[in-house]
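Data block for target_17.cif (mmCIF, C-alpha atoms):
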```
data_start
loop_
_atom_site.group_PDB
_atom_site.id
_atom_site.type_symbol
_atom_site.label_atom_id
_atom_site.label_comp_id
_atom_site.auth_asym_id
_atom_site.auth_seq_id
_atom_site.Cartn_x
_atom_site.Cartn_y
_atom_site.Cartn_z
ATOM 1 C CA MET W 1 166.418 -101.686 -157.970
ATOM 2 C CA ASN W 2 165.734 -98.650 -160.156
ATOM 3 C CA ASP W 3 163.615 -95.632 -159.312
ATOM 4 C CA GLN W 4 160.580 -96.972 -161.161
ATOM 5 C CA GLY W 5 160.326 -100.104 -159.025
ATOM 6 C CA GLN W 6 159.717 -100.880 -155.390
ATOM 7 C CA CYS W 7 162.548 -100.840 -152.877
ATOM 8 C CA SER W 8 163.448 -102.201 -149.489
ATOM 9 C CA ARG W 9 165.924 -99.576 -148.298
ATOM 10 C CA TYR W 10 167.261 -97.766 -151.379
ATOM 11 C CA LEU W 11 166.151 -96.452 -154.742
ATOM 12 C CA GLN W 12 168.840 -96.251 -157.409
ATOM 13 C CA PRO W 13 168.194 -93.464 -159.931
ATOM 14 C CA ASP W 14 167.476 -94.803 -163.405
ATOM 15 C CA TRP W 15 169.501 -92.306 -165.441
ATOM 16 C CA PRO W 16 172.553 -92.386 -167.711
ATOM 17 C CA ALA W 17 174.884 -90.625 -165.281
ATOM 18 C CA PRO W 18 178.655 -90.950 -165.786
ATOM 19 C CA ALA W 19 180.192 -94.041 -164.200
ATOM 20 C CA ASN W 20 181.907 -92.034 -161.463
ATOM 21 C CA VAL W 21 178.646 -90.408 -160.332
ATOM 22 C CA HIS W 22 176.867 -92.352 -157.603
ATOM 23 C CA ALA W 23 173.417 -91.643 -156.185
ATOM 24 C CA ALA W 24 170.758 -93.203 -153.991
ATOM 25 C CA SER W 25 167.545 -92.309 -152.194
ATOM 26 C CA THR W 26 166.451 -94.126 -149.065
ATOM 27 C CA CYS W 27 163.099 -95.758 -148.499
ATOM 28 C CA ARG W 28 161.275 -96.285 -145.238
ATOM 29 C CA ASP W 29 162.307 -99.956 -145.081
ATOM 30 C CA LEU W 30 159.850 -101.092 -142.429
ATOM 31 C CA ALA W 31 160.734 -104.147 -140.377
ATOM 32 C CA ALA W 32 158.482 -107.196 -140.593
ATOM 33 C CA ASN W 33 155.063 -106.457 -139.075
ATOM 34 C CA GLU W 34 156.128 -102.891 -138.192
ATOM 35 C CA PRO W 35 153.143 -100.519 -138.620
ATOM 36 C CA ALA W 36 153.626 -97.721 -141.150
ATOM 37 C CA VAL W 37 153.043 -94.875 -138.701
ATOM 38 C CA GLY W 38 155.106 -92.012 -137.327
ATOM 39 C CA LEU W 39 158.847 -92.572 -137.116
ATOM 40 C CA ALA W 40 158.745 -96.316 -137.776
ATOM 41 C CA GLY W 41 161.341 -97.415 -140.297
ATOM 42 C CA PHE W 42 164.718 -96.179 -141.513
ATOM 43 C CA ASN W 43 164.525 -92.571 -140.308
ATOM 44 C CA LEU W 44 167.663 -90.472 -140.959
ATOM 45 C CA ALA W 45 166.585 -87.194 -139.283
ATOM 46 C CA ARG W 46 167.623 -86.017 -135.829
ATOM 47 C CA HIS W 47 165.149 -83.131 -135.606
ATOM 48 C CA VAL W 48 161.881 -85.109 -135.619
ATOM 49 C CA GLY W 49 161.900 -86.466 -132.070
ATOM 50 C CA ASP W 50 163.465 -89.843 -132.790
ATOM 51 C CA ASP W 51 165.951 -91.499 -130.426
ATOM 52 C CA PRO W 52 169.344 -89.913 -131.281
ATOM 53 C CA ALA W 53 171.134 -93.256 -130.845
ATOM 54 C CA ARG W 54 168.714 -94.907 -133.280
ATOM 55 C CA VAL W 55 169.254 -92.185 -135.870
ATOM 56 C CA ALA W 56 173.031 -92.483 -135.414
ATOM 57 C CA ARG W 57 172.776 -96.240 -136.099
ATOM 58 C CA HIS W 58 170.742 -95.588 -139.233
ATOM 59 C CA ARG W 59 173.245 -93.021 -140.505
ATOM 60 C CA LEU W 60 176.126 -95.414 -139.898
ATOM 61 C CA GLN W 61 174.192 -98.195 -141.648
ATOM 62 C CA LEU W 62 173.615 -95.878 -144.597
ATOM 63 C CA GLN W 63 177.323 -95.147 -144.873
ATOM 64 C CA GLN W 64 178.192 -98.840 -144.683
ATOM 65 C CA ASP W 65 175.503 -99.958 -147.126
ATOM 66 C CA LEU W 66 176.624 -97.483 -149.777
ATOM 67 C CA GLY W 67 180.342 -97.932 -149.162
ATOM 68 C CA LEU W 68 180.877 -94.244 -148.429
ATOM 69 C CA GLU W 69 184.354 -93.183 -147.361
ATOM 70 C CA ARG W 70 182.843 -90.358 -145.307
ATOM 71 C CA SER W 71 179.398 -89.577 -143.928
ATOM 72 C CA PRO W 72 177.033 -87.545 -146.109
ATOM 73 C CA PHE W 73 177.250 -83.829 -145.271
ATOM 74 C CA TRP W 74 173.966 -83.326 -143.396
ATOM 75 C CA LEU W 75 172.311 -79.890 -143.516
ATOM 76 C CA ASN W 76 169.861 -77.938 -141.355
ATOM 77 C CA GLN W 77 167.133 -77.445 -143.932
ATOM 78 C CA THR W 78 164.945 -74.341 -143.532
ATOM 79 C CA HIS W 79 163.132 -74.049 -146.919
ATOM 80 C CA SER W 80 165.695 -71.456 -147.974
ATOM 81 C CA THR W 81 167.606 -71.077 -151.229
ATOM 82 C CA ASN W 82 170.987 -71.303 -149.495
ATOM 83 C CA LEU W 83 173.472 -73.720 -151.046
ATOM 84 C CA LEU W 84 176.719 -74.996 -149.551
ATOM 85 C CA LYS W 85 179.832 -75.735 -151.573
ATOM 86 C CA LEU W 86 181.736 -78.810 -150.378
ATOM 87 C CA PRO W 87 184.282 -79.487 -148.967
ATOM 88 C CA ALA W 88 183.380 -77.302 -145.983
ATOM 89 C CA PRO W 89 184.406 -77.224 -142.315
ATOM 90 C CA ALA W 90 182.377 -79.507 -140.048
ATOM 91 C CA GLY W 91 179.145 -77.947 -138.829
ATOM 92 C CA LEU W 92 175.382 -77.845 -139.277
ATOM 93 C CA TYR W 93 174.701 -75.260 -141.971
ATOM 94 C CA ASP W 94 171.333 -73.581 -142.593
ATOM 95 C CA CYS W 95 171.185 -74.634 -146.239
ATOM 96 C CA ASP W 96 168.813 -76.495 -148.525
ATOM 97 C CA GLY W 97 171.316 -77.933 -150.936
ATOM 98 C CA SER W 98 174.981 -78.596 -151.525
ATOM 99 C CA THR W 99 177.308 -79.074 -154.461
ATOM 100 C CA THR W 100 180.822 -80.385 -154.946
ATOM 101 C CA GLN W 101 183.522 -81.121 -157.493
ATOM 102 C CA THR W 102 185.497 -83.196 -154.992
ATOM 103 C CA ARG W 103 185.484 -86.990 -154.823
ATOM 104 C CA ASN W 104 183.943 -88.740 -151.824
ATOM 105 C CA TRP W 105 182.047 -85.745 -150.455
ATOM 106 C CA PRO W 106 178.396 -86.929 -150.556
ATOM 107 C CA CYS W 107 175.808 -84.169 -150.978
ATOM 108 C CA VAL W 108 172.548 -85.060 -149.230
ATOM 109 C CA VAL W 109 169.075 -83.674 -148.543
ATOM 110 C CA MET W 110 166.271 -85.084 -146.390
ATOM 111 C CA THR W 111 162.615 -85.081 -147.416
ATOM 112 C CA ALA W 112 159.185 -86.371 -146.445
ATOM 113 C CA ASP W 113 156.951 -84.874 -149.209
ATOM 114 C CA CYS W 114 159.226 -82.118 -150.535
ATOM 115 C CA LEU W 115 161.060 -82.858 -153.769
ATOM 116 C CA PRO W 116 164.692 -83.995 -153.694
ATOM 117 C CA VAL W 117 166.550 -83.018 -156.868
ATOM 118 C CA LEU W 118 169.893 -84.658 -157.672
ATOM 119 C CA LEU W 119 172.095 -83.041 -160.317
ATOM 120 C CA CYS W 120 175.275 -83.942 -162.171
ATOM 121 C CA ASP W 121 177.060 -82.807 -165.304
ATOM 122 C CA THR W 122 177.584 -85.178 -168.206
ATOM 123 C CA GLY W 123 181.349 -85.004 -167.731
ATOM 124 C CA GLY W 124 181.119 -86.362 -164.200
ATOM 125 C CA THR W 125 182.965 -83.386 -162.703
ATOM 126 C CA GLN W 126 180.268 -81.905 -160.434
ATOM 127 C CA VAL W 127 177.191 -83.017 -158.480
ATOM 128 C CA ALA W 128 174.539 -81.350 -156.332
ATOM 129 C CA ALA W 129 171.615 -82.284 -154.088
ATOM 130 C CA VAL W 130 168.697 -79.886 -153.580
ATOM 131 C CA HIS W 131 165.752 -79.813 -151.159
ATOM 132 C CA ALA W 132 162.947 -78.356 -153.279
ATOM 133 C CA GLY W 133 159.677 -77.908 -151.447
ATOM 134 C CA TRP W 134 157.125 -75.525 -152.917
ATOM 135 C CA GLN W 135 158.744 -72.582 -151.125
ATOM 136 C CA GLY W 136 162.187 -73.396 -152.468
ATOM 137 C CA LEU W 137 160.801 -73.927 -155.961
ATOM 138 C CA ALA W 138 158.898 -70.636 -155.821
ATOM 139 C CA ASN W 139 161.939 -68.741 -154.556
ATOM 140 C CA GLY W 140 164.363 -70.075 -157.161
ATOM 141 C CA ILE W 141 166.463 -72.752 -155.496
ATOM 142 C CA VAL W 142 166.564 -74.829 -158.699
ATOM 143 C CA ALA W 143 167.872 -71.884 -160.721
ATOM 144 C CA LYS W 144 170.448 -71.169 -158.045
ATOM 145 C CA ALA W 145 171.634 -74.783 -158.095
ATOM 146 C CA ILE W 146 171.860 -74.927 -161.894
ATOM 147 C CA GLY W 147 173.816 -71.677 -161.734
ATOM 148 C CA GLN W 148 176.574 -73.546 -159.927
ATOM 149 C CA PHE W 149 177.274 -75.513 -163.121
ATOM 150 C CA ASP W 150 179.179 -74.127 -166.102
ATOM 151 C CA GLU W 151 176.782 -75.270 -168.821
ATOM 152 C CA PRO W 152 173.095 -76.039 -168.068
ATOM 153 C CA SER W 153 172.684 -78.018 -171.287
ATOM 154 C CA GLN W 154 175.239 -80.495 -169.939
ATOM 155 C CA VAL W 155 173.392 -81.020 -166.638
ATOM 156 C CA MET W 156 171.115 -83.970 -165.941
ATOM 157 C CA ALA W 157 168.571 -84.070 -163.124
ATOM 158 C CA TRP W 158 166.858 -86.832 -161.193
ATOM 159 C CA LEU W 159 163.630 -86.069 -159.334
ATOM 160 C CA GLY W 160 163.332 -88.216 -156.223
ATOM 161 C CA PRO W 161 160.234 -89.309 -154.268
ATOM 162 C CA ALA W 162 157.855 -86.446 -153.413
ATOM 163 C CA ILE W 163 154.179 -85.894 -152.760
ATOM 164 C CA GLY W 164 152.326 -86.667 -155.975
ATOM 165 C CA PRO W 165 150.173 -84.494 -158.261
ATOM 166 C CA THR W 166 146.879 -85.954 -156.985
ATOM 167 C CA ALA W 167 147.814 -85.630 -153.307
ATOM 168 C CA PHE W 168 149.424 -82.205 -152.840
ATOM 169 C CA GLU W 169 146.455 -79.992 -151.961
ATOM 170 C CA VAL W 170 147.251 -76.263 -151.879
ATOM 171 C CA GLY W 171 145.509 -72.930 -151.484
ATOM 172 C CA VAL W 172 145.560 -69.793 -153.599
ATOM 173 C CA ASP W 173 148.610 -68.500 -151.715
ATOM 174 C CA VAL W 174 150.759 -71.185 -153.305
ATOM 175 C CA LEU W 175 149.518 -70.317 -156.797
ATOM 176 C CA HIS W 176 150.290 -66.664 -156.136
ATOM 177 C CA ALA W 177 153.798 -67.597 -154.985
ATOM 178 C CA PHE W 178 154.418 -69.019 -158.472
ATOM 179 C CA GLY W 179 152.722 -66.139 -160.256
ATOM 180 C CA VAL W 180 149.883 -68.382 -161.430
ATOM 181 C CA ASP W 181 146.450 -66.897 -162.110
ATOM 182 C CA PRO W 182 143.903 -69.095 -160.256
ATOM 183 C CA SER W 183 141.345 -68.526 -163.035
ATOM 184 C CA ALA W 184 143.679 -69.681 -165.829
ATOM 185 C CA ALA W 185 144.471 -73.209 -166.934
ATOM 186 C CA SER W 186 147.773 -74.547 -165.629
ATOM 187 C CA THR W 187 149.783 -77.728 -166.095
ATOM 188 C CA GLU W 188 151.249 -77.350 -162.614
ATOM 189 C CA PHE W 189 148.004 -76.685 -160.696
ATOM 190 C CA THR W 190 144.696 -78.523 -161.156
ATOM 191 C CA PRO W 191 141.487 -77.221 -159.524
ATOM 192 C CA LYS W 192 140.002 -79.554 -156.945
ATOM 193 C CA SER W 193 136.481 -80.215 -158.207
ATOM 194 C CA VAL W 194 134.862 -80.596 -154.777
ATOM 195 C CA ASN W 195 136.451 -77.416 -153.413
ATOM 196 C CA PRO W 196 136.802 -74.350 -155.663
ATOM 197 C CA ASN W 197 139.308 -72.779 -153.268
ATOM 198 C CA LYS W 198 141.793 -75.645 -153.430
ATOM 199 C CA TRP W 199 144.113 -77.000 -156.116
ATOM 200 C CA PHE W 200 146.376 -80.002 -156.556
ATOM 201 C CA GLY W 201 149.968 -78.890 -157.063
ATOM 202 C CA ASN W 202 152.377 -80.917 -159.193
ATOM 203 C CA LEU W 203 155.890 -80.489 -157.773
ATOM 204 C CA TYR W 204 157.322 -82.740 -160.474
ATOM 205 C CA ALA W 205 155.797 -80.643 -163.274
ATOM 206 C CA ILE W 206 156.940 -77.400 -161.635
ATOM 207 C CA ALA W 207 160.515 -78.662 -161.334
ATOM 208 C CA ARG W 208 160.570 -79.998 -164.897
ATOM 209 C CA ALA W 209 159.288 -76.684 -166.262
ATOM 210 C CA GLN W 210 161.881 -74.713 -164.308
ATOM 211 C CA LEU W 211 164.694 -77.017 -165.402
ATOM 212 C CA ASN W 212 163.610 -76.792 -169.033
ATOM 213 C CA GLN W 213 163.512 -72.995 -168.847
ATOM 214 C CA LEU W 214 167.065 -73.068 -167.508
ATOM 215 C CA GLY W 215 168.260 -75.198 -170.431
ATOM 216 C CA VAL W 216 168.227 -78.572 -168.665
ATOM 217 C CA THR W 217 166.509 -81.173 -170.836
ATOM 218 C CA GLN W 218 167.897 -84.434 -169.409
ATOM 219 C CA ILE W 219 165.373 -84.980 -166.614
ATOM 220 C CA TYR W 220 164.613 -88.340 -165.018
ATOM 221 C CA GLY W 221 162.591 -89.777 -162.122
ATOM 222 C CA GLY W 222 159.387 -88.310 -160.722
ATOM 223 C CA HIS W 223 157.419 -91.563 -160.510
ATOM 224 C CA HIS W 224 156.392 -91.752 -156.844
ATOM 225 C CA CYS W 225 153.953 -90.267 -154.334
ATOM 226 C CA THR W 226 155.189 -90.188 -150.764
ATOM 227 C CA LEU W 227 151.768 -89.478 -149.260
ATOM 228 C CA SER W 228 149.980 -92.398 -150.916
ATOM 229 C CA ASP W 229 152.671 -95.011 -150.191
ATOM 230 C CA PRO W 230 153.193 -95.277 -146.399
ATOM 231 C CA GLN W 231 154.882 -98.654 -146.760
ATOM 232 C CA HIS W 232 157.855 -97.193 -148.624
ATOM 233 C CA PHE W 233 157.926 -93.465 -147.858
ATOM 234 C CA TYR W 234 157.576 -91.004 -145.025
ATOM 235 C CA SER W 235 155.063 -88.185 -145.481
ATOM 236 C CA HIS W 236 154.891 -85.195 -143.157
ATOM 237 C CA ARG W 237 151.535 -84.148 -144.565
ATOM 238 C CA ARG W 238 150.082 -87.612 -144.039
ATOM 239 C CA ASP W 239 151.512 -88.378 -140.587
ATOM 240 C CA ALA W 240 152.684 -85.033 -139.084
ATOM 241 C CA ALA W 241 155.098 -86.847 -136.750
ATOM 242 C CA SER W 242 157.152 -88.287 -139.578
ATOM 243 C CA GLY W 243 160.664 -89.508 -140.234
ATOM 244 C CA ARG W 244 162.730 -88.412 -143.220
ATOM 245 C CA MET W 245 164.224 -90.115 -146.262
ATOM 246 C CA ALA W 246 167.639 -89.086 -147.578
ATOM 247 C CA SER W 247 168.660 -88.517 -151.200
ATOM 248 C CA MET W 248 172.364 -88.249 -151.893
ATOM 249 C CA ILE W 249 174.861 -87.972 -154.720
ATOM 250 C CA TRP W 250 178.652 -88.122 -154.801
ATOM 251 C CA LEU W 251 181.647 -88.426 -157.081
ATOM 252 C CA GLY W 252 183.640 -91.630 -156.898
#
```
How does the structure come out when it is put into structure tokens?
Amino acid sequence: MNDQGQCSRYLQPDWPAPANVHAASTCRDLAANEPAVGLAGFNLARHVGDDPARVARHRLQLQQDLGLERSPFWLNQTHSTNLLKLPAPAGLYDCDGSTTQTRNWPCVVMTADCLPVLLCDTGGTQVAAVHAGWQGLANGIVAKAIGQFDEPSQVMAWLGPAIGPTAFEVGVDVLHAFGVDPSAASTEFTPKSVNPNKWFGNLYAIARAQLNQLGVTQIYGGHHCTLSDPQHFYSHRRDAASGRMASMIWLG
């Protein structure tokens, strides 16, 4: 299943990555007749109040389903711009992305509205996974991740499932964080007609613009809305008590 279709448990990025680059993004994968509320489904996060044994089973299932030689390197995400270079000693690092040039070290980020960005170079020598919520995007996490690669023009990016451009309602503080004038026209922020003090933010458009400015032109994905599709995706903004999807990339 590619990233433009529907999925049961996994989305496979539809991009021309080198053959030794492997990537996947999980879906909610609800059981038959399971209501699409709260933590129901294939939750991979330990920090959201789910049963730790259940999460451990899901993480093991993920590793088995994808044929991973080792578990993805899970991070403690804090909306920072900290990146971790793998391999690294075992531990839970306060980082919002990781990168590696080593085979069989899966980089992974968890999301439930924020934008997961998967990166690789066209030579298949390096990969990275980035957790890019609006704070990370505003503070430069994409630029920091691209800076880990030798040549931006040889990097390709896949934008995983995130809250969509007609669902992400924001206030003027978010526009200011990106240096956007609320009175000016913007591709990334659309005024909400029924409320002059609110805008719809387009995380996909923001990420594409930042990647283009950095010299990255091979950009794929960006076709989903986590908030409007409870059957397939978790959404923190929609449900508050929400599970998390995982997006990962590794060298084989």
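Atom CA of Ala53 of chain W lies 25.7 Å from atom CA of Ala129 of chain W.
Of the residues under consideration (W:Met245, W:Ala23, W:Ala88, W:Ile163), W:Met245 shows the shortest atom-to-atom contact distance to Leu44 of chain W when counting only C-alpha atoms.
Put simply, the PyMOL selection byres ((chain W and resi 103) around 9) on this file hits W:Thr100, W:Gln101, W:Thr102, W:Asn104, W:Trp105, W:Pro106, W:Trp250, W:Leu251, W:Gly252.
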Could you save those same residues with C-alpha atoms as an mmCIF file, keeping the file's coordinate frame?
```cif
data_model
loop_
_atom_site.group_PDB
_atom_site.id
_atom_site.type_symbol
_atom_site.label_atom_id
_atom_site.label_comp_id
_atom_site.auth_asym_id
_atom_site.auth_seq_id
_atom_site.Cartn_x
_atom_site.Cartn_y
_atom_site.Cartn_z
ATOM 1 C CA THR W 100 180.822 -80.385 -154.946
ATOM 2 C CA GLN W 101 183.522 -81.121 -157.493
ATOM 3 C CA THR W 102 185.497 -83.196 -154.992
ATOM 4 C CA ASN W 104 183.943 -88.740 -151.824
ATOM 5 C CA TRP W 105 182.047 -85.745 -150.455
ATOM 6 C CA PRO W 106 178.396 -86.929 -150.556
ATOM 7 C CA TRP W 250 178.652 -88.122 -154.801
ATOM 8 C CA LEU W 251 181.647 -88.426 -157.081
ATOM 9 C CA GLY W 252 183.640 -91.630 -156.898
#
```
TODO: With a distance cut-off of 9 Å and all atoms listed in the file, select the neighbouring residues of Ala132 of chain W, excluding the residue or stretch itself and same-chain residues fewer than 3 positions from it, and output the selection as a count of residues only.
DONE: 16
With all atoms listed in the file counted, which protein, DNA or RNA residues have an atom no more than 12 Å from (152.7, -81.2, -155.6) in the file frame? Please answer as a PDB file with C-alpha atoms, in the frame of the given file.
```pdb
ATOM      1  CA  ASP W 113     156.951 -84.874-149.209  1.00  0.00           C
ATOM      2  CA  CYS W 114     159.226 -82.118-150.535  1.00  0.00           C
ATOM      3  CA  LEU W 115     161.060 -82.858-153.769  1.00  0.00           C
ATOM      4  CA  ALA W 132     162.947 -78.356-153.279  1.00  0.00           C
ATOM      5  CA  GLY W 133     159.677 -77.908-151.447  1.00  0.00           C
ATOM      6  CA  TRP W 134     157.125 -75.525-152.917  1.00  0.00           C
ATOM      7  CA  GLN W 135     158.744 -72.582-151.125  1.00  0.00           C
ATOM      8  CA  LEU W 137     160.801 -73.927-155.961  1.00  0.00           C
ATOM      9  CA  PRO W 161     160.234 -89.309-154.268  1.00  0.00           C
ATOM     10  CA  ALA W 162     157.855 -86.446-153.413  1.00  0.00           C
ATOM     11  CA  ILE W 163     154.179 -85.894-152.760  1.00  0.00           C
ATOM     12  CA  GLY W 164     152.326 -86.667-155.975  1.00  0.00           C
ATOM     13  CA  PRO W 165     150.173 -84.494-158.261  1.00  0.00           C
ATOM     14  CA  THR W 166     146.879 -85.954-156.985  1.00  0.00           C
ATOM     15  CA  ALA W 167     147.814 -85.630-153.307  1.00  0.00           C
ATOM     16  CA  PHE W 168     149.424 -82.205-152.840  1.00  0.00           C
ATOM     17  CA  GLU W 169     146.455 -79.992-151.961  1.00  0.00           C
ATOM     18  CA  VAL W 170     147.251 -76.263-151.879  1.00  0.00           C
ATOM     19  CA  GLY W 171     145.509 -72.930-151.484  1.00  0.00           C
ATOM     20  CA  VAL W 174     150.759 -71.185-153.305  1.00  0.00           C
ATOM     21  CA  LEU W 175     149.518 -70.317-156.797  1.00  0.00           C
ATOM     22  CA  THR W 187     149.783 -77.728-166.095  1.00  0.00           C
ATOM     23  CA  GLU W 188     151.249 -77.350-162.614  1.00  0.00           C
ATOM     24  CA  PHE W 189     148.004 -76.685-160.696  1.00  0.00           C
ATOM     25  CA  THR W 190     144.696 -78.523-161.156  1.00  0.00           C
ATOM     26  CA  TRP W 199     144.113 -77.000-156.116  1.00  0.00           C
ATOM     27  CA  PHE W 200     146.376 -80.002-156.556  1.00  0.00           C
ATOM     28  CA  GLY W 201     149.968 -78.890-157.063  1.00  0.00           C
ATOM     29  CA  ASN W 202     152.377 -80.917-159.193  1.00  0.00           C
ATOM     30  CA  LEU W 203     155.890 -80.489-157.773  1.00  0.00           C
ATOM     31  CA  TYR W 204     157.322 -82.740-160.474  1.00  0.00           C
ATOM     32  CA  ALA W 205     155.797 -80.643-163.274  1.00  0.00           C
ATOM     33  CA  ILE W 206     156.940 -77.400-161.635  1.00  0.00           C
ATOM     34  CA  ALA W 207     160.515 -78.662-161.334  1.00  0.00           C
ATOM     35  CA  GLY W 222     159.387 -88.310-160.722  1.00  0.00           C
ATOM     36  CA  HIS W 224     156.392 -91.752-156.844  1.00  0.00           C
ATOM     37  CA  CYS W 225     153.953 -90.267-154.334  1.00  0.00           C
ATOM     38  CA  THR W 226     155.189 -90.188-150.764  1.00  0.00           C
ATOM     39  CA  LEU W 227     151.768 -89.478-149.260  1.00  0.00           C
ATOM     40  CA  ARG W 237     151.535 -84.148-144.565  1.00  0.00           C
TER      41      ARG W 237
END
```
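Each of W:Ala138, W:Tyr234, W:Arg244, W:Ser71 was compared to Ala177 of chain W using all atoms listed in the file, and W:Ala138 turns out to be the nearest.
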Task: Neighbour list for His47 of chain W as an NGL selection string, cut-off 10 Å, all atoms listed in the file, skip fewer than 4 positions in-chain - done: :W and (51-52 or 55 or 76 or 243-244)
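Between atom CA of Leu84 of chain W and atom CA of Thr99 of chain W lies a distance of 6.4 Å.
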Task: Picked residues, the PyMOL selection byres ((chain W and resi 8-22) around 9), as a PyMOL selection string - done: chain W and resi 1-7+23-30+42+120-127+156-160+218-221+232+248-252
Quick one: write out the picked residues with C-alpha atoms as a PDB file, in the frame of the given file?
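Produced file part17.pdb, reproduced below:
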```pdb
ATOM      1  CA  MET W   1     166.418-101.686-157.970  1.00  0.00           C
ATOM      2  CA  ASN W   2     165.734 -98.650-160.156  1.00  0.00           C
ATOM      3  CA  ASP W   3     163.615 -95.632-159.312  1.00  0.00           C
ATOM      4  CA  GLN W   4     160.580 -96.972-161.161  1.00  0.00           C
ATOM      5  CA  GLY W   5     160.326-100.104-159.025  1.00  0.00           C
ATOM      6  CA  GLN W   6     159.717-100.880-155.390  1.00  0.00           C
ATOM      7  CA  CYS W   7     162.548-100.840-152.877  1.00  0.00           C
ATOM      8  CA  ALA W  23     173.417 -91.643-156.185  1.00  0.00           C
ATOM      9  CA  ALA W  24     170.758 -93.203-153.991  1.00  0.00           C
ATOM     10  CA  SER W  25     167.545 -92.309-152.194  1.00  0.00           C
ATOM     11  CA  THR W  26     166.451 -94.126-149.065  1.00  0.00           C
ATOM     12  CA  CYS W  27     163.099 -95.758-148.499  1.00  0.00           C
ATOM     13  CA  ARG W  28     161.275 -96.285-145.238  1.00  0.00           C
ATOM     14  CA  ASP W  29     162.307 -99.956-145.081  1.00  0.00           C
ATOM     15  CA  LEU W  30     159.850-101.092-142.429  1.00  0.00           C
ATOM     16  CA  PHE W  42     164.718 -96.179-141.513  1.00  0.00           C
ATOM     17  CA  CYS W 120     175.275 -83.942-162.171  1.00  0.00           C
ATOM     18  CA  ASP W 121     177.060 -82.807-165.304  1.00  0.00           C
ATOM     19  CA  THR W 122     177.584 -85.178-168.206  1.00  0.00           C
ATOM     20  CA  GLY W 123     181.349 -85.004-167.731  1.00  0.00           C
ATOM     21  CA  GLY W 124     181.119 -86.362-164.200  1.00  0.00           C
ATOM     22  CA  THR W 125     182.965 -83.386-162.703  1.00  0.00           C
ATOM     23  CA  GLN W 126     180.268 -81.905-160.434  1.00  0.00           C
ATOM     24  CA  VAL W 127     177.191 -83.017-158.480  1.00  0.00           C
ATOM     25  CA  MET W 156     171.115 -83.970-165.941  1.00  0.00           C
ATOM     26  CA  ALA W 157     168.571 -84.070-163.124  1.00  0.00           C
ATOM     27  CA  TRP W 158     166.858 -86.832-161.193  1.00  0.00           C
ATOM     28  CA  LEU W 159     163.630 -86.069-159.334  1.00  0.00           C
ATOM     29  CA  GLY W 160     163.332 -88.216-156.223  1.00  0.00           C
ATOM     30  CA  GLN W 218     167.897 -84.434-169.409  1.00  0.00           C
ATOM     31  CA  ILE W 219     165.373 -84.980-166.614  1.00  0.00           C
ATOM     32  CA  TYR W 220     164.613 -88.340-165.018  1.00  0.00           C
ATOM     33  CA  GLY W 221     162.591 -89.777-162.122  1.00  0.00           C
ATOM     34  CA  HIS W 232     157.855 -97.193-148.624  1.00  0.00           C
ATOM     35  CA  MET W 248     172.364 -88.249-151.893  1.00  0.00           C
ATOM     36  CA  ILE W 249     174.861 -87.972-154.720  1.00  0.00           C
ATOM     37  CA  TRP W 250     178.652 -88.122-154.801  1.00  0.00           C
ATOM     38  CA  LEU W 251     181.647 -88.426-157.081  1.00  0.00           C
ATOM     39  CA  GLY W 252     183.640 -91.630-156.898  1.00  0.00           C
TER      40      GLY W 252
END
```
TODO: May I have the residues within 8 Å of Leu214 of chain W as a list in words, using all atoms listed in the file and disregarding those fewer than 6 positions away in the same chain?
DONE: Ala143, Ile146 and Pro152 of chain W
Task: Atomic distance atom CA of Ala90 of chain W - atom CA of Leu68 of chain W, expressed in Å with one decimal - done: 17.0 Å
Task: Selected residue, from W:Pro196, W:Cys107, W:Val130, W:Arg238, that lies nearest to Arg70 of chain W when counting all atoms listed in the file - done: W:Cys107
- [ ] Kindly indicate which residue among W:Leu119, W:Ala112, W:Asp50, W:Gln210 lies nearest to His236 of chain W, using only C-alpha atoms for the distances.
- [x] W:Ala112
Enclose the full set of atoms of segment 10-18 of chain W listed in the file within a box whose edges lie along x, y and z, apply 3 Å of padding to each of the six sides, and report centre and edge lengths in Å to one decimal as AutoDock Vina command-line options.
```
--center_x 172.4 --center_y -94.2 --center_z -159.5 --size_x 18.5 --size_y 13.1 --size_z 22.3
```
Task: Counting only C-alpha atoms, the option among W:Val180, W:Leu211, W:Ala240, W:Val109 closest to Asp94 of chain W - done: W:Val109
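Minimum atom-to-atom distances from W:Leu118, W:Ala40, W:Leu83, W:Leu92 to Ala246 of chain W were compared using only C-alpha atoms, and the lowest value belongs to W:Leu118.
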Write out N, CA and C atoms for segment 17-22 of chain W, as a PDB file, in the frame of the given file.
```pdb
ATOM      1  N   ALA W  17     173.826 -91.450-165.875  1.00  0.00           N
ATOM      2  CA  ALA W  17     174.884 -90.625-165.281  1.00  0.00           C
ATOM      3  C   ALA W  17     176.251 -91.236-165.583  1.00  0.00           C
ATOM      4  N   PRO W  18     177.303 -90.412-165.596  1.00  0.00           N
ATOM      5  CA  PRO W  18     178.655 -90.950-165.786  1.00  0.00           C
ATOM      6  C   PRO W  18     178.981 -92.016-164.732  1.00  0.00           C
ATOM      7  N   ALA W  19     179.893 -92.905-165.068  1.00  0.00           N
ATOM      8  CA  ALA W  19     180.192 -94.041-164.200  1.00  0.00           C
ATOM      9  C   ALA W  19     180.726 -93.620-162.839  1.00  0.00           C
ATOM     10  N   ASN W  20     181.342 -92.462-162.743  1.00  0.00           N
ATOM     11  CA  ASN W  20     181.907 -92.034-161.463  1.00  0.00           C
ATOM     12  C   ASN W  20     180.920 -91.243-160.611  1.00  0.00           C
ATOM     13  N   VAL W  21     179.690 -91.080-161.102  1.00  0.00           N
ATOM     14  CA  VAL W  21     178.646 -90.408-160.332  1.00  0.00           C
ATOM     15  C   VAL W  21     177.768 -91.469-159.676  1.00  0.00           C
ATOM     16  N   HIS W  22     177.641 -91.378-158.364  1.00  0.00           N
ATOM     17  CA  HIS W  22     176.867 -92.352-157.603  1.00  0.00           C
ATOM     18  C   HIS W  22     175.735 -91.638-156.868  1.00  0.00           C
TER      19      HIS W  22
END
```
